[in-house]
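This report concerns only the one structure given below.
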There are 2 protein chains.
Amino acid sequence: MASTSPIRVAEVLREEILNGTLLPGERLRQEDIAARLGASRQPVRDALRLLEGDGLVTLVANSGAWVSKLSERECDEAYLVRERLEPLLLSQSLPNLTADQVARLAHLVDEIEASGDIETFLRLDREFHLLCYAGAQSGMLSEFVERIWNTTQHYRRAFAKLSNPATSEITHMEHRLILDAITRRDSVQAERALEGHIRRTRVTLAEHKELFS
Amino acid sequence: MASTSPIRVAEVLREEILNGTLLPGERLRQEDIAARLGASRQPVRDALRLLEGDGLVTLVANSGAWVSKLSERECDEAYLVRERLEPLLLSQSLPNLTADQVARLAHLVDEIEASGDIETFLRLDREFHLLCYAGAQSGMLSEFVERIWNTTQHYRRAFAKLSNPATSEITHMEHRLILDAITRRDSVQAERALEGHIRRTRVTLAEHKELFS
DNA sequence: AAAGCGCTGATTGTATCCAATTGGTTATTT
DNA sequence: AAATAACCAATTGGATACAATCAGCGCTTT
């Protein structure tokens, strides 16, 4: 009942953009996608519009569609917005997180520290953060946050590739601080720890302008 | 060059939703719109998808499209998000505001205080706040803020209808505080004044649950 | 030789037709 | 009489065909 063609097509494309199969700036031709996914061009157009709404695709009239690209400025802005929104979302989610979910968060922190390759880290890190917000009733705020995570996914991957043991250690400690505050149901501390985590990432990321060349 | 059919259709519908011609919950039939605006159903479908991306329209597969409706919770959430995002946006905009724009802001504050009817107040208030953000390079943050303003427009109108001289006076003072900080180019104070303005509105609005019945 | 013009191929945008889904209504059954 | 099932009208979804638009390229012209 839920899956209509445009949604299915959009899901496939979204996944391919998030996992790096389709790179920022890459052209998306309607007919190619239609042929590849066994659909007509109409649902593909709808799907592209959906993804445009998610910020993953940029449409230009009479010209075509491209995978969205972020400039250095836009990426920095994304993190500034995260700094303000995610603590708020966490504070709304925290009271509703179940003990099972908190246990899963603790497990994820361990897994993240044990993770070897980049793709695993990215997957686990994403799951950790989004699970923190699972207690929030889905609304505009959740949508905004998920959208930011989607549009910055590629740059997070590029950034992860040049991380070293020292910065990883910092990340792990920050995760543990967030987890600790969540476990103690301390909203204020959780907000601060999360804000610091995002802020540090933003500042560190800003030192690597080469990612946007 | 810029205006393609779906965009034109979307603009008409957006305007009708914002000015209250189309009310939240109202059904949008593709064929009706197509006939009314002299287009085919296909561009109308595209337009509805565009508006869905803006949060103004809610689409249900195989069922239809409706003007989006906010629950009391969602409206409150919108204001909580505004409290966090708009001060940030203002701080990014402030350094780039021209003297002309600041003068226009001062003029708008006067006009707002002199405004008689509700529609005029809504229009001027919207212009004042959005002009505050005119110095920001348009990006994700601006998009989010504009989207919130659009989706809450109807509730702002409903709220304005039951405002009294006392609360209006508070609003006017808050505007003057924001304007003063902007004039002095005091980002920190401007952020605080704006946050307070939005927060008070949120709290006052929460006392009128009857708007969401 | 450089600049501007117009042509051509490819790609997107629009319209029309047909299929699929939905919700309501009616008739039948218990 | 109430509940259920099947039918039907209305509306949306998808596919195909056609029109409009754009980018690149070669030609003409100065």
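Naming works like this for the structure tokens: A, B, ... for the chains as they're shown, residue 1 at the start of each chain, ligands 1 onward in shown order.
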
Give as a PyMOL selection string every residue of chain D that touches chain A within 9 Å, counting only C-alpha atoms (C1' of nucleotides).
chain D and resi 13-15+21-22

Counting only C-alpha atoms, which residues in chain B sit no more than 9 Å from chain A? For each one, give the nearest pair of atoms and the distance in Å, sorted by chain then residue number, as CSV.
```
residue,atom,partner,partner_atom,distance
B:Met1,CA,A:Ala61,CA,8.4
B:Ala2,CA,A:Ala61,CA,7.2
B:Ser3,CA,A:Ala61,CA,8.2
B:Thr4,CA,A:Ala61,CA,6.8
B:Gln42,CA,A:Gln42,CA,8.9
B:Arg45,CA,A:Asp46,CA,8.4
B:Asp46,CA,A:Asp46,CA,6.9
B:Arg49,CA,A:Arg49,CA,6.4
B:Leu50,CA,A:Arg49,CA,6.6
B:Leu51,CA,A:Gly53,CA,8.9
B:Glu52,CA,A:Gly53,CA,7.7
B:Gly53,CA,A:Gly53,CA,4.3
B:Asp54,CA,A:Gly53,CA,7.2
B:Gly55,CA,A:Met140,CA,8.9
B:Ala61,CA,A:Thr4,CA,6.9
B:Asn62,CA,A:Thr4,CA,8.6
B:Glu74,CA,A:Gly139,CA,6.7
B:Glu77,CA,A:Leu141,CA,7.3
B:Ala78,CA,A:Met140,CA,7.2
B:Leu80,CA,A:Leu88,CA,8.3
B:Val81,CA,A:Leu141,CA,7.0
B:Arg84,CA,A:Arg84,CA,5.9
B:Leu85,CA,A:Arg84,CA,6.9
B:Leu88,CA,A:Val81,CA,8.1
B:Gly139,CA,A:Glu74,CA,6.7
B:Met140,CA,A:Ala78,CA,7.2
B:Leu141,CA,A:Val81,CA,7.0
B:Phe144,CA,A:Phe144,CA,7.8
B:Ile148,CA,A:Met140,CA,8.8
```

For the interface of chain C with chain B (cut-off 8 Å, counting only C-alpha atoms (C1' of nucleotides)), please tabulate each contacting residue of chain C alongside its nearest pair of atoms and their separation in Å to one decimal, rows sorted by chain and increasing number, as JSON lines.
```
{"residue": "C:DT14", "atom": "C1'", "partner": "B:Gln42", "partner_atom": "CA", "distance": 7.2}
{"residue": "C:DA15", "atom": "C1'", "partner": "B:Ser40", "partner_atom": "CA", "distance": 6.7}
{"residue": "C:DT21", "atom": "C1'", "partner": "B:Asn62", "partner_atom": "CA", "distance": 6.0}
{"residue": "C:DT22", "atom": "C1'", "partner": "B:Ser63", "partner_atom": "CA", "distance": 6.8}
```

Take the residues just selected and output them with C-alpha atoms (C1' of nucleotides) as a PDB file, in the first residue's frame.
```
ATOM      1  C1'  DT C  14       3.388  18.514 -22.037  1.00  0.00           C
ATOM      2  C1'  DA C  15      -0.737  16.215 -23.502  1.00  0.00           C
ATOM      3  C1'  DT C  21      -6.918   2.109  -6.843  1.00  0.00           C
ATOM      4  C1'  DT C  22     -10.236   4.087  -3.716  1.00  0.00           C
TER       5       DT C  22
END
```

Report as a count of residues only all protein, DNA and RNA residues lying within 12 Å of region 97-113 of chain B, evaluated on only C-alpha atoms (C1' of nucleotides), omitting residues in the same chain fewer than 3 positions from it.
47

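Note that DSSP on the backbone gives alpha helix (DSSP H) to these residues of region 111-146 of chain B: Glu111, Ile112, Glu113, Ala114, Ile118, Glu119, Thr120, Phe121, Leu122, Arg123, Leu124, Asp125, Arg126, Glu127, Phe128, His129, Leu130, Leu131, Cys132, Met140, Leu141, Ser142, Glu143, Phe144, Val145 and Glu146 of chain B.
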
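Secondary structure by DSSP on the backbone puts the following residues of region 3-185 of chain A in strand (DSSP E): Arg27, Leu28, Val57, Thr58, Leu59, Val60, Gly64, Ala65, Trp66 and Val67 of chain A.
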
Residues as selected, N, CA and C atoms, written as a PDB file, in the first residue's frame, can you do that?
```pdb
ATOM      1  N   ARG A  27      25.331  13.800 -13.314  1.00  0.00           N
ATOM      2  CA  ARG A  27      24.098  14.043 -14.059  1.00  0.00           C
ATOM      3  C   ARG A  27      23.145  12.871 -13.922  1.00  0.00           C
ATOM      4  N   LEU A  28      21.848  13.173 -13.859  1.00  0.00           N
ATOM      5  CA  LEU A  28      20.823  12.129 -13.774  1.00  0.00           C
ATOM      6  C   LEU A  28      19.878  12.282 -14.958  1.00  0.00           C
ATOM      7  N   VAL A  57      18.886  16.236  -4.770  1.00  0.00           N
ATOM      8  CA  VAL A  57      18.975  16.405  -6.220  1.00  0.00           C
ATOM      9  C   VAL A  57      18.648  17.851  -6.562  1.00  0.00           C
ATOM     10  N   THR A  58      19.347  18.387  -7.548  1.00  0.00           N
ATOM     11  CA  THR A  58      19.092  19.748  -8.005  1.00  0.00           C
ATOM     12  C   THR A  58      18.513  19.702  -9.412  1.00  0.00           C
ATOM     13  N   LEU A  59      17.325  20.265  -9.580  1.00  0.00           N
ATOM     14  CA  LEU A  59      16.667  20.253 -10.883  1.00  0.00           C
ATOM     15  C   LEU A  59      16.800  21.614 -11.550  1.00  0.00           C
ATOM     16  N   VAL A  60      17.062  21.603 -12.847  1.00  0.00           N
ATOM     17  CA  VAL A  60      17.067  22.839 -13.624  1.00  0.00           C
ATOM     18  C   VAL A  60      16.117  22.648 -14.793  1.00  0.00           C
ATOM     19  N   GLY A  64      17.978  19.578 -16.861  1.00  0.00           N
ATOM     20  CA  GLY A  64      18.244  18.266 -16.305  1.00  0.00           C
ATOM     21  C   GLY A  64      18.351  18.235 -14.802  1.00  0.00           C
ATOM     22  N   ALA A  65      18.814  17.108 -14.303  1.00  0.00           N
ATOM     23  CA  ALA A  65      18.922  16.896 -12.860  1.00  0.00           C
ATOM     24  C   ALA A  65      20.334  16.457 -12.517  1.00  0.00           C
ATOM     25  N   TRP A  66      20.824  16.937 -11.391  1.00  0.00           N
ATOM     26  CA  TRP A  66      22.154  16.561 -10.917  1.00  0.00           C
ATOM     27  C   TRP A  66      22.100  16.209  -9.443  1.00  0.00           C
ATOM     28  N   VAL A  67      23.005  15.357  -9.025  1.00  0.00           N
ATOM     29  CA  VAL A  67      23.144  15.089  -7.603  1.00  0.00           C
ATOM     30  C   VAL A  67      23.650  16.371  -6.939  1.00  0.00           C
TER      31      VAL A  67
END
```

Among listed residues D:DA19, D:DC7, D:DG24, D:DT29, nearest DT25 (chain C) (using only C-alpha atoms (C1' of nucleotides)):
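Among D:DA19, D:DC7, D:DG24, D:DT29, it is D:DC7 that comes nearest to DT25 (chain C).
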
Quote the spacing between CA of Ser142 (chain A) and CA of Gly196 (chain A) in Å to one decimal place.
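Spanning CA of Ser142 (chain A) to CA of Gly196 (chain A) is a straight-line distance of 19.9 Å.
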
What is the CA of Arg192 (chain A) to CA of Ser163 (chain A) distance in Å?
23.7 Å
